[in-house]
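Beneath this line is the structure, given in structure tokens, with notes to follow.
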Amino acid sequence: MNETGKYRVLRYWLKGVNKGRVTVFMDNLPGFPDNISTTKEGDYWLGFAAPRNSMIDELSASPFLRKAIMRLPAALRPSAEALGHVIKVSSTGEVLQSLQSAEGGYAFTTGALQTADGLYISSLTEPSIGFIPSAEMPFEDSE
């Protein structure tokens, strides 16, 4: 489960000695996590809607100021940076791949789905689905 505003991913245990418990899977992430998908190998793709924002980080300790800022007109509120970013992580939380589009060519990513033909990437704002064919993927193809 993503805790978007806390920059972390939680794990809800379905079985085993931790059954029914919630533990932190990944913490202090570089952006706002949004959506998780699994690979057939048991790894995960995680999309970031936007990178961290220092002003938002500073406001996290002040709920009153956060609420006040959210009531301002949109043009006066801090805005998210247009960055496309997805990461592939192992079942233990190790980052295996980090794909970014710093020029904002495909921004505000929400998740990714790896198939035999490539990697499909979703966005909050883009009018289409992003796609990287398997032959062009900058990571090892396990098919």
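Residue numbers start at 1 in each chain; chains themselves are named A, B, ... in the order of the structure tokens; ligands are numbered from 1 in the order shown.
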
Give me, as a list in words, all polymer residues having an atom no more than 10 Å from range 130-140 of chain A, counting only C-alpha atoms and skipping those fewer than 6 positions away in the same chain.
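The residues satisfying every condition are Lys88, Leu96, Gln97, Ser98, Leu99, Tyr106, Ala107, Thr109, Ala112, Leu113, Gln114, Thr115, Ala116, Asp117, Gly118, Leu119, Tyr120, Ile121, Ser122 and Ser123 of chain A.
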
Kindly save the residues from that selection, with N, CA and C atoms included, as an mmCIF file, in the first residue's frame.
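What ended up in result10.cif:
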data_model
loop_
_atom_site.group_PDB
_atom_site.id
_atom_site.type_symbol
_atom_site.label_atom_id
_atom_site.label_comp_id
_atom_site.auth_asym_id
_atom_site.auth_seq_id
_atom_site.Cartn_x
_atom_site.Cartn_y
_atom_site.Cartn_z
ATOM 1 N N LYS A 88 11.749 -0.141 -10.402
ATOM 2 C CA LYS A 88 11.517 -1.566 -10.230
ATOM 3 C C LYS A 88 12.253 -1.972 -8.964
ATOM 4 N N LEU A 96 15.991 -2.043 -8.243
ATOM 5 C CA LEU A 96 16.649 -2.758 -9.331
ATOM 6 C C LEU A 96 16.826 -1.877 -10.562
ATOM 7 N N GLN A 97 15.849 -1.013 -10.817
ATOM 8 C CA GLN A 97 15.890 -0.106 -11.961
ATOM 9 C C GLN A 97 15.217 1.205 -11.573
ATOM 10 N N SER A 98 15.679 2.296 -12.169
ATOM 11 C CA SER A 98 15.070 3.602 -11.980
ATOM 12 C C SER A 98 15.015 4.275 -13.339
ATOM 13 N N LEU A 99 13.806 4.478 -13.852
ATOM 14 C CA LEU A 99 13.623 5.100 -15.162
ATOM 15 C C LEU A 99 12.994 6.469 -14.972
ATOM 16 N N TYR A 106 7.121 12.679 -20.513
ATOM 17 C CA TYR A 106 5.994 11.853 -20.075
ATOM 18 C C TYR A 106 5.954 12.008 -18.564
ATOM 19 N N ALA A 107 5.100 12.908 -18.088
ATOM 20 C CA ALA A 107 5.164 13.339 -16.691
ATOM 21 C C ALA A 107 4.054 12.780 -15.822
ATOM 22 N N THR A 109 3.862 10.241 -13.663
ATOM 23 C CA THR A 109 3.624 8.808 -13.816
ATOM 24 C C THR A 109 2.926 8.235 -12.595
ATOM 25 N N ALA A 112 3.487 1.341 -13.699
ATOM 26 C CA ALA A 112 4.023 0.658 -14.864
ATOM 27 C C ALA A 112 3.622 -0.806 -14.818
ATOM 28 N N LEU A 113 3.472 -1.393 -15.995
ATOM 29 C CA LEU A 113 3.122 -2.801 -16.129
ATOM 30 C C LEU A 113 4.062 -3.428 -17.145
ATOM 31 N N GLN A 114 4.832 -4.412 -16.699
ATOM 32 C CA GLN A 114 5.781 -5.081 -17.579
ATOM 33 C C GLN A 114 5.126 -6.319 -18.181
ATOM 34 N N THR A 115 5.182 -6.426 -19.506
ATOM 35 C CA THR A 115 4.667 -7.593 -20.229
ATOM 36 C C THR A 115 5.786 -8.128 -21.116
ATOM 37 N N ALA A 116 5.524 -9.197 -21.836
ATOM 38 C CA ALA A 116 6.520 -9.777 -22.727
ATOM 39 C C ALA A 116 6.932 -8.796 -23.828
ATOM 40 N N ASP A 117 6.020 -7.914 -24.249
ATOM 41 C CA ASP A 117 6.354 -7.006 -25.343
ATOM 42 C C ASP A 117 6.963 -5.680 -24.886
ATOM 43 N N GLY A 118 6.910 -5.367 -23.607
ATOM 44 C CA GLY A 118 7.524 -4.137 -23.141
ATOM 45 C C GLY A 118 6.961 -3.641 -21.825
ATOM 46 N N LEU A 119 7.199 -2.371 -21.559
ATOM 47 C CA LEU A 119 6.770 -1.736 -20.319
ATOM 48 C C LEU A 119 5.742 -0.649 -20.647
ATOM 49 N N TYR A 120 4.540 -0.796 -20.099
ATOM 50 C CA TYR A 120 3.470 0.184 -20.270
ATOM 51 C C TYR A 120 3.483 1.099 -19.052
ATOM 52 N N ILE A 121 3.421 2.418 -19.291
ATOM 53 C CA ILE A 121 3.522 3.390 -18.208
ATOM 54 C C ILE A 121 2.293 4.297 -18.236
ATOM 55 N N SER A 122 1.667 4.479 -17.083
ATOM 56 C CA SER A 122 0.476 5.323 -16.990
ATOM 57 C C SER A 122 0.833 6.672 -16.367
ATOM 58 N N SER A 123 -0.047 7.646 -16.582
ATOM 59 C CA SER A 123 0.189 9.011 -16.117
ATOM 60 C C SER A 123 -1.114 9.640 -15.640
#

Write out as a list in words each polymer residue whose atoms come within 6 Å of range 26-31 of chain A, counting only C-alpha atoms; drop sequence neighbours fewer than 4 positions from it.
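Returned residues: Tyr7, Arg8, Val9, Phe48, Ala50, Pro51 and Arg52 of chain A.
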
What's around Ser79 in chain A at 9 Å? Count only C-alpha atoms, leave out sequence neighbours fewer than 4 positions away in its own chain, and write the answer as a short mmCIF file (atom, residue, chain, number, x, y, z; two decimals) with all heavy atoms, in the first residue's frame.
data_model
loop_
_atom_site.label_atom_id
_atom_site.label_comp_id
_atom_site.auth_asym_id
_atom_site.auth_seq_id
_atom_site.Cartn_x
_atom_site.Cartn_y
_atom_site.Cartn_z
N ASN A 53 8.98 17.71 -2.84
CA ASN A 53 9.02 19.16 -2.91
C ASN A 53 9.43 19.66 -1.53
O ASN A 53 8.76 19.36 -0.54
CB ASN A 53 7.63 19.67 -3.31
CG ASN A 53 7.52 21.16 -3.35
OD1 ASN A 53 7.80 21.85 -2.38
ND2 ASN A 53 7.10 21.67 -4.49
N ALA A 74 -5.18 28.16 -6.96
CA ALA A 74 -4.22 27.19 -7.49
C ALA A 74 -2.92 27.85 -7.96
O ALA A 74 -1.84 27.28 -7.78
CB ALA A 74 -4.86 26.40 -8.62
N ALA A 75 -3.01 29.03 -8.53
CA ALA A 75 -1.81 29.71 -9.04
C ALA A 75 -0.83 30.10 -7.93
O ALA A 75 0.35 30.29 -8.19
CB ALA A 75 -2.22 30.95 -9.82
#

Set the distance at 12 Å and use only C-alpha atoms: which residues neighbour Val24 in chain A once local chain neighbours fewer than 6 positions away are removed? I'd like the list as a PyMOL selection string.
chain A and resi 1-3+6-13+92-93

Please write the residues from the selection above to a file, keeping C-alpha atoms, as a short mmCIF file (atom, residue, chain, number, x, y, z; two decimals), in the first residue's frame.
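The new file result_16.cif reads:
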data_model
loop_
_atom_site.label_atom_id
_atom_site.label_comp_id
_atom_site.auth_asym_id
_atom_site.auth_seq_id
_atom_site.Cartn_x
_atom_site.Cartn_y
_atom_site.Cartn_z
CA MET A 1 0.00 0.00 0.00
CA ASN A 2 1.23 3.48 -0.79
CA GLU A 3 1.27 6.29 1.74
CA LYS A 6 4.53 10.12 3.66
CA TYR A 7 6.72 9.02 0.75
CA ARG A 8 6.55 5.35 1.67
CA VAL A 9 5.13 1.95 0.81
CA LEU A 10 3.61 -0.34 3.41
CA ARG A 11 3.26 -4.12 3.33
CA TYR A 12 0.12 -5.85 4.60
CA TRP A 13 0.95 -9.44 5.51
CA THR A 92 12.91 -7.02 -0.24
CA GLY A 93 12.72 -3.36 -1.37
#

Per DSSP on the backbone, filter range 1-137 of chain A down to the residues in alpha helix (DSSP H) and report them as a count of residues only.
14

Per-residue DSSP, range 54-112 of chain A, filtered to strand (DSSP E), as a list of chain:residue names:
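Written out, the strand (DSSP E) residues of range 54-112 of chain A are A:Gly84, A:His85, A:Val86, A:Ile87, A:Lys88, A:Val89, A:Val95, A:Leu96, A:Gln97, A:Ser98, A:Leu99, A:Gln100, A:Ser101, A:Thr109, A:Thr110, A:Gly111, A:Ala112.
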
Among the residues A:Phe25, A:Phe64, A:Phe32, A:Tyr44, the one that comes closest to Gly84 in chain A [using only C-alpha atoms]
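Distance minimum relative to Gly84 in chain A lands on A:Phe32.
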